[in-house]
file target-v7.txt (compact mmCIF, C-alpha atoms and all ligand atoms)
# COMPACT_ATOMS: atom_id res chain seq x y z
CA MET J 246 -2.44 8.76 -1.11
CA ILE J 247 -6.14 9.60 -1.05
CA HIS J 248 -5.27 13.24 -0.23
CA LEU J 249 -3.41 13.44 -3.59
CA LEU J 250 -6.58 12.27 -5.36
CA THR J 251 -8.89 14.61 -3.53
CA ARG J 252 -6.80 17.65 -4.51
CA LEU J 253 -6.84 16.94 -8.26
CA PRO J 254 -8.88 19.25 -10.53
CA ALA J 255 -12.05 17.91 -12.16
CA GLY J 256 -11.28 15.99 -15.36
CA ALA J 257 -7.78 15.00 -14.19
CA ARG J 258 -6.29 11.69 -15.37
CA VAL J 259 -4.74 9.16 -12.98
CA LEU J 260 -2.68 6.09 -13.93
CA ASP J 261 -2.90 3.16 -11.47
CA LEU J 262 0.20 1.19 -12.45
CA GLY J 263 0.36 -2.57 -11.89
CA ALA J 264 -3.06 -2.26 -10.37
CA ALA J 265 -4.65 -5.67 -10.99
CA SER J 266 -8.32 -4.79 -10.50
CA GLY J 267 -7.44 -1.53 -8.69
CA SER J 268 -4.96 -0.60 -5.96
CA PHE J 269 -7.26 2.01 -4.41
CA PRO J 270 -10.95 2.98 -4.41
CA ASN J 271 -11.65 6.14 -6.42
CA PRO J 272 -13.46 8.73 -4.29
CA ARG J 273 -13.62 11.17 -7.27
CA PRO J 274 -16.15 10.23 -9.99
CA ASP J 275 -15.06 13.38 -11.90
CA VAL J 276 -11.49 12.02 -12.22
CA CYS J 277 -10.54 9.43 -14.86
CA VAL J 278 -8.61 6.49 -13.35
CA VAL J 279 -6.85 4.16 -15.80
CA ARG J 280 -5.92 0.79 -14.25
CA LEU J 281 -3.00 -0.87 -16.04
CA ASP J 282 -1.64 -4.39 -15.60
CA LEU J 283 -0.43 -7.35 -17.63
CA GLU J 284 -3.29 -9.47 -16.35
CA PHE J 285 -6.58 -8.87 -14.57
CA ALA J 286 -8.04 -11.48 -12.20
CA SER J 287 -11.33 -9.58 -11.98
CA ALA J 288 -13.05 -6.52 -13.36
CA PRO J 289 -11.55 -3.17 -12.25
CA ALA J 290 -13.23 -1.46 -9.29
CA SER J 291 -13.87 1.67 -11.36
CA GLY J 292 -12.52 3.58 -14.34
CA CYS J 293 -11.10 1.82 -17.39
CA SER J 294 -8.57 -1.01 -17.54
CA VAL J 295 -5.67 -1.40 -19.96
CA ARG J 296 -3.72 -4.61 -20.42
CA ALA J 297 -0.16 -3.55 -21.24
CA ASP J 298 3.51 -3.80 -20.28
CA ALA J 299 4.44 -1.01 -17.85
CA ALA J 300 7.85 -0.75 -19.54
CA HIS J 301 6.10 0.26 -22.79
CA LEU J 302 3.13 2.39 -21.76
CA PRO J 303 0.57 2.85 -24.58
CA PHE J 304 -0.03 6.52 -23.72
CA ALA J 305 1.08 9.86 -25.11
CA ASP J 306 3.72 11.96 -23.38
CA ARG J 307 2.45 14.09 -20.48
CA ALA J 308 -0.92 12.33 -20.34
CA PHE J 309 -1.46 11.99 -16.56
CA ASP J 310 -1.87 14.34 -13.59
CA LEU J 311 -1.06 11.60 -11.05
CA VAL J 312 0.65 8.20 -11.32
CA VAL J 313 0.09 5.65 -8.55
CA SER J 314 2.45 2.70 -8.11
CA SER J 315 1.16 0.99 -5.00
CA HIS J 316 3.21 -2.14 -4.25
CA SER J 317 4.10 -2.72 -7.87
CA LEU J 318 7.72 -1.53 -8.34
CA GLU J 319 8.99 -4.63 -6.52
CA HIS J 320 7.39 -6.78 -9.26
CA PHE J 321 8.81 -5.11 -12.41
CA VAL J 322 11.75 -6.89 -14.05
CA ALA J 323 12.54 -3.89 -16.29
CA LEU J 324 12.36 -1.42 -13.40
CA ASP J 325 14.46 1.38 -14.94
CA ALA J 326 12.37 1.28 -18.12
CA VAL J 327 9.13 1.43 -16.11
CA LEU J 328 10.36 4.46 -14.15
CA ARG J 329 11.41 6.25 -17.34
CA GLU J 330 7.95 5.59 -18.76
CA ILE J 331 6.37 7.08 -15.62
CA GLY J 332 8.44 10.22 -16.13
CA ARG J 333 7.41 10.37 -19.78
CA VAL J 334 3.63 10.10 -19.24
CA ALA J 335 3.55 12.46 -16.23
CA LYS J 336 2.45 16.02 -17.00
CA PRO J 337 4.65 18.88 -15.77
CA GLY J 338 3.68 19.33 -12.14
CA ALA J 339 2.12 15.85 -11.93
CA GLY J 340 2.28 13.81 -8.74
CA LEU J 341 3.70 10.30 -8.24
CA TYR J 342 2.74 8.04 -5.34
CA VAL J 343 4.99 5.02 -4.70
CA ALA J 344 4.61 2.34 -2.03
CA VAL J 345 7.13 -0.51 -1.76
CA PRO J 346 8.02 -3.16 0.84
CA ASP J 347 11.24 -3.01 2.83
CA ALA J 348 12.91 -6.34 1.99
CA GLY J 349 14.64 -6.36 5.39
CA THR J 350 11.45 -6.46 7.46
CA LEU J 351 10.03 -9.50 9.23
CA THR J 352 6.67 -9.10 7.48
CA ASP J 353 8.15 -9.02 3.96
CA ARG J 354 10.30 -12.06 4.77
CA ILE J 355 7.17 -13.95 5.90
CA TYR J 356 5.38 -12.89 2.69
CA ARG J 357 8.23 -14.11 0.48
CA TRP J 358 8.66 -17.35 2.48
CA ILE J 359 4.96 -18.26 2.29
CA GLY J 360 4.54 -17.14 -1.32
CA ARG J 361 7.87 -18.59 -2.56
CA GLY J 362 9.06 -15.10 -3.40
CA GLY J 363 5.58 -13.69 -3.93
CA GLY J 364 6.60 -12.30 -7.33
CA HIS J 365 9.03 -9.80 -5.77
CA VAL J 366 11.98 -9.45 -8.15
CA ASN J 367 13.32 -6.14 -6.76
CA ALA J 368 14.43 -5.87 -3.11
CA PHE J 369 14.51 -2.38 -1.55
CA ARG J 370 16.42 -2.03 1.73
CA ASN J 371 16.45 1.68 2.52
CA PRO J 372 14.32 4.68 1.54
CA ALA J 373 17.28 6.72 0.25
CA GLU J 374 17.93 4.03 -2.36
CA VAL J 375 14.31 4.19 -3.60
CA ILE J 376 14.27 8.01 -3.64
CA ALA J 377 17.52 8.23 -5.64
CA LEU J 378 16.34 5.62 -8.14
CA VAL J 379 12.93 7.20 -8.73
CA GLU J 380 14.24 10.77 -8.93
CA ARG J 381 16.99 9.77 -11.39
CA SER J 382 14.71 7.80 -13.74
CA THR J 383 11.49 9.83 -13.62
CA GLY J 384 12.91 13.34 -13.11
CA LEU J 385 10.25 13.95 -10.43
CA PRO J 386 11.52 15.46 -7.16
CA HIS J 387 10.96 13.71 -3.84
CA ARG J 388 8.46 15.39 -1.48
CA SER J 389 7.80 13.09 1.46
CA THR J 390 8.34 9.62 2.94
CA ARG J 391 6.26 7.75 5.49
CA ASP J 392 6.54 4.28 7.08
CA LEU J 393 3.89 1.70 6.23
CA TYR J 394 2.73 -1.03 8.58
CA ALA J 395 1.66 -4.57 7.75
CA SER J 396 -1.16 -6.92 8.60
CA LEU J 397 -0.35 -9.91 6.33
CA THR J 398 -3.91 -10.04 4.97
CA PHE J 399 -2.97 -12.89 2.65
CA LEU J 400 -2.78 -15.18 5.70
CA ASN J 401 -6.37 -14.35 6.70
CA ALA J 402 -8.76 -17.26 6.09
CA HIS J 403 -11.20 -14.72 4.59
CA ASN J 404 -8.75 -14.19 1.72
CA THR J 405 -8.20 -17.47 -0.08
CA ARG J 406 -5.03 -17.19 -2.16
CA GLY J 407 -3.96 -20.81 -2.58
CA TRP J 408 -0.89 -20.41 -0.38
CA PRO J 409 0.82 -23.63 0.85
CA ARG J 410 -1.44 -25.01 3.59
CA ARG J 411 1.34 -26.41 5.80
CA LYS J 412 2.85 -22.94 6.20
CA ILE J 413 -0.54 -21.35 6.93
CA TYR J 414 -1.04 -23.85 9.80
CA LEU J 415 1.79 -22.04 11.63
CA PHE J 416 -0.49 -18.98 11.69
CA ALA J 417 -3.50 -20.79 13.22
CA ASN J 418 -4.79 -21.60 9.75
CA GLY J 419 -5.39 -17.92 9.03
CA ASP J 420 -7.76 -17.38 11.96
CA GLU J 421 -8.62 -13.66 11.99
CA ARG J 422 -8.60 -13.34 15.78
CA PHE J 423 -5.17 -14.99 15.95
CA LEU J 424 -3.83 -12.49 13.39
CA ALA J 425 -5.39 -9.60 15.32
CA VAL J 426 -3.63 -10.74 18.53
CA LEU J 427 -0.35 -11.38 16.67
CA PHE J 428 -0.24 -7.87 15.17
CA TRP J 429 -1.38 -6.18 18.38
CA THR J 430 1.55 -7.93 20.09
CA LEU J 431 4.05 -6.91 17.39
CA ARG J 432 2.80 -3.29 17.40
CA THR J 433 3.00 -3.13 21.18
CA LEU J 434 6.61 -4.37 21.07
CA ASP J 435 7.36 -1.77 18.37
CA ARG J 436 5.87 1.03 20.45
CA VAL J 437 7.57 0.06 23.71
CA PHE J 438 10.97 -1.06 22.41
CA ALA J 439 11.14 0.97 19.14
CA THR J 440 11.52 -2.21 17.08
CA GLY J 441 10.09 -2.55 13.55
CA LEU J 442 8.46 -5.96 13.79
CA SER J 443 5.13 -4.85 12.30
CA ARG J 444 6.60 -2.41 9.79
CA TYR J 445 6.23 -3.33 6.13
CA GLY J 446 7.79 -0.66 3.92
CA TRP J 447 7.47 2.97 2.85
CA GLU J 448 5.22 5.26 0.88
CA PHE J 449 6.70 8.16 -1.06
CA HIS J 450 5.31 11.25 -2.74
CA PHE J 451 7.19 12.69 -5.71
CA GLY J 452 6.44 15.46 -8.15
CA SER J 453 3.63 17.89 -7.46
CA ALA J 454 4.13 20.25 -4.57
CA THR J 455 0.78 19.29 -3.06
CA PRO J 456 1.07 19.89 0.68
CA VAL J 457 1.53 16.58 2.47
CA GLU J 458 -0.46 15.81 5.57
CA ALA J 459 1.89 16.03 8.55
CA SER J 460 0.87 12.89 10.37
CA HIS J 461 2.62 10.00 12.02
CA PRO J 462 2.36 6.50 10.50
CA TRP J 463 -0.93 4.64 10.74
CA VAL J 464 -0.09 1.48 12.64
CA ASN J 465 -3.69 0.22 12.67
CA VAL J 466 -3.84 -1.79 9.45
CA CYS J 467 -6.81 -4.15 9.10
CA VAL J 468 -5.90 -7.86 9.24
CA ARG J 469 -8.64 -8.65 6.71
CA CYS J 470 -8.59 -5.91 4.03
CA GLY J 471 -5.23 -4.22 4.70
CA ALA J 472 -6.72 -0.71 4.91
CA GLY J 473 -4.72 1.58 7.18
CA HIS J 474 -6.59 4.09 9.35
CA SER J 475 -5.55 6.81 11.75
CA ALA J 476 -6.43 6.30 15.40
CA ALA J 477 -8.62 9.42 15.29
CA TYR J 478 -10.57 8.15 12.26
CA LEU J 479 -11.08 4.75 13.86
CA ARG J 480 -12.46 6.36 17.00
CA GLU J 481 -15.09 8.05 14.82
CA SER J 482 -15.83 5.34 12.28
CA ALA J 483 -15.08 1.82 13.51
CA THR J 484 -17.92 -0.22 14.97
CA HIS J 485 -18.42 -2.70 17.83
CA TRP J 486 -15.77 -1.29 20.16
CA ARG J 487 -15.06 -3.63 23.06
CA ARG J 488 -12.65 -3.17 25.94
CA PHE J 489 -10.89 -6.02 27.76
CA GLY J 490 -8.81 -4.26 30.40
CA PRO J 491 -6.11 -2.33 28.47
CA ILE J 492 -6.99 -4.03 25.16
CA GLU J 493 -9.62 -2.62 22.79
CA SER J 494 -11.14 -4.41 19.80
CA TYR J 495 -13.08 -2.95 16.87
CA HIS J 496 -14.51 -3.88 13.51
CA CYS J 497 -12.83 -2.26 10.47
CA PRO J 498 -14.89 0.59 8.95
CA ALA J 499 -13.89 -0.57 5.45
CA CYS J 500 -14.62 -4.32 5.62
CA GLY J 501 -15.97 -5.21 9.08
CA GLY J 502 -12.92 -7.35 9.94
CA PHE J 503 -12.05 -7.98 13.60
CA ASN J 504 -8.99 -6.06 14.84
CA LEU J 505 -7.29 -5.06 18.09
CA PHE J 506 -6.57 -1.35 18.47
CA SER J 507 -2.97 -0.18 18.82
CA ARG J 508 -1.98 3.24 20.10
CA GLU J 509 0.16 5.30 17.73
CA ARG J 510 3.70 6.31 18.56
CA ARG J 511 4.20 10.02 18.01
CA ALA J 512 6.68 10.88 15.24
ZN ZN J 601 -10.73 -4.03 6.84

call {"tool": "encode", "arguments": {"input": "target-v7.txt", "output": "structure tokens", "more": "lines below"}}
Ligand SMILES: [Zn+2]
result
Amino acid sequence: MIHLLTRLPAGARVLDLGAASGSFPNPRPDVCVVRLDLEFASAPASGCSVRADAAHLPFADRAFDLVVSSHSLEHFVALDAVLREIGRVAKPGAGLYVAVPDAGTLTDRIYRWIGRGGGHVNAFRNPAEVIALVERSTGLPHRSTRDLYASLTFLNAHNTRGWPRRKIYLFANGDERFLAVLFWTLRTLDRVFATGLSRYGWEFHFGSATPVEASHPWVNVCVRCGAGHSAAYLRESATHWRRFGPIESYHCPACGGFNLFSRERRA
């Protein structure tokens, strides 16, 4: 999604929908990012924040160059109305980034079991269903789809979320090194047996014809902050590399969290 931001012209406007305090860091100080949500637990990371219902956006038609809905569509009760509003506030030629969980995956089932639903009111089970729904309601054409991988950061003891303690005990009380080993194991099984145990959902690009980076999915997702990184980027940027036979560990370049490195499976 960052490549969509970096290609925007100076002065462009971006809507971060259902963002809480911000669903992404803004690498472009010359771009206006509006964070919108019904409630804010903390101050937005950057830009301005608007408290409003996504089904009734308080913006003029054709106001935004890019709309970002990162893990928010699964939470909207009035989903069709929200999508129509996205289509209304998007400029001609605007981009739309959507990321949603696959309700059939192991990781989303764990999330909903621990969080008693986790606020997910819409369950998506295949990418074609999401593409058809978004295209029909927003009028923005589909451009690309890519798998997303999980790390269940909400289980990490560094991220206190008030989840039920008895369930967290099953995951070594959120111990970061346990989570790193768990996800390295799941990703290894996925790579060797082509399973989807560590897969979480999909990201989609609609609208603008911005060229999409042709890359395979980033399976290395930090177990503390949830940032996904390519293997090549990690080789350049991560710190404290250690090797234990065939297993390599590193500290996340975004947050310093402890992770085990997984090789990527070529698309
Ligand atoms: Zn991290």

call {"tool": "atom_distance", "arguments": {"input": "target-v7.txt", "atom1": "atom CA of His496 of chain J", "atom2": "atom CA of Ser443 of chain J"}}
result
19.7 Å

call {"tool": "atom_distance", "arguments": {"input": "target-v7.txt", "atom1": "atom CA of Arg444 of chain J", "atom2": "atom CA of Phe399 of chain J"}}
result
15.9 Å

call {"tool": "residues_near_ligand", "arguments": {"input": "target-v7.txt", "ligand": "ligand ZN 601 (chain J)", "cutoff": "8 Å", "atoms": "all atoms listed in the file", "output": "PDB file with C-alpha atoms, keeping the file's coordinate frame"}}
result
ATOM      1  CA  VAL J 466      -3.840  -1.790   9.450  1.00  0.00           C
ATOM      2  CA  CYS J 467      -6.810  -4.150   9.100  1.00  0.00           C
ATOM      3  CA  VAL J 468      -5.900  -7.860   9.240  1.00  0.00           C
ATOM      4  CA  ARG J 469      -8.640  -8.650   6.710  1.00  0.00           C
ATOM      5  CA  CYS J 470      -8.590  -5.910   4.030  1.00  0.00           C
ATOM      6  CA  GLY J 471      -5.230  -4.220   4.700  1.00  0.00           C
ATOM      7  CA  ALA J 472      -6.720  -0.710   4.910  1.00  0.00           C
ATOM      8  CA  HIS J 496     -14.510  -3.880  13.510  1.00  0.00           C
ATOM      9  CA  CYS J 497     -12.830  -2.260  10.470  1.00  0.00           C
ATOM     10  CA  PRO J 498     -14.890   0.590   8.950  1.00  0.00           C
ATOM     11  CA  ALA J 499     -13.890  -0.570   5.450  1.00  0.00           C
ATOM     12  CA  CYS J 500     -14.620  -4.320   5.620  1.00  0.00           C
ATOM     13  CA  GLY J 501     -15.970  -5.210   9.080  1.00  0.00           C
ATOM     14  CA  GLY J 502     -12.920  -7.350   9.940  1.00  0.00           C
ATOM     15  CA  PHE J 503     -12.050  -7.980  13.600  1.00  0.00           C
TER      16      PHE J 503
END

call {"tool": "closest_residue", "arguments": {"input": "target-v7.txt", "among": "J:Gly360, J:Gly419, J:Pro346, J:Gly340", "to": "Ser389 of chain J", "atoms": "all atoms listed in the file"}}
result
J:Gly340

call {"tool": "closest_residue", "arguments": {"input": "target-v7.txt", "among": "J:Ile376, J:Val313, J:Ala265, J:Leu385", "to": "Ser294 of chain J", "atoms": "only C-alpha atoms"}}
result
J:Ala265

call {"tool": "closest_residue", "arguments": {"input": "target-v7.txt", "among": "J:Ala339, J:Val375, J:Leu302, J:Val276", "to": "Trp447 of chain J", "atoms": "only C-alpha atoms"}}
result
J:Val375

call {"tool": "closest_residue", "arguments": {"input": "target-v7.txt", "among": "J:Leu415, J:Leu442, J:Val295, J:Ala402", "to": "Ala264 of chain J", "atoms": "only C-alpha atoms"}}
result
J:Val295
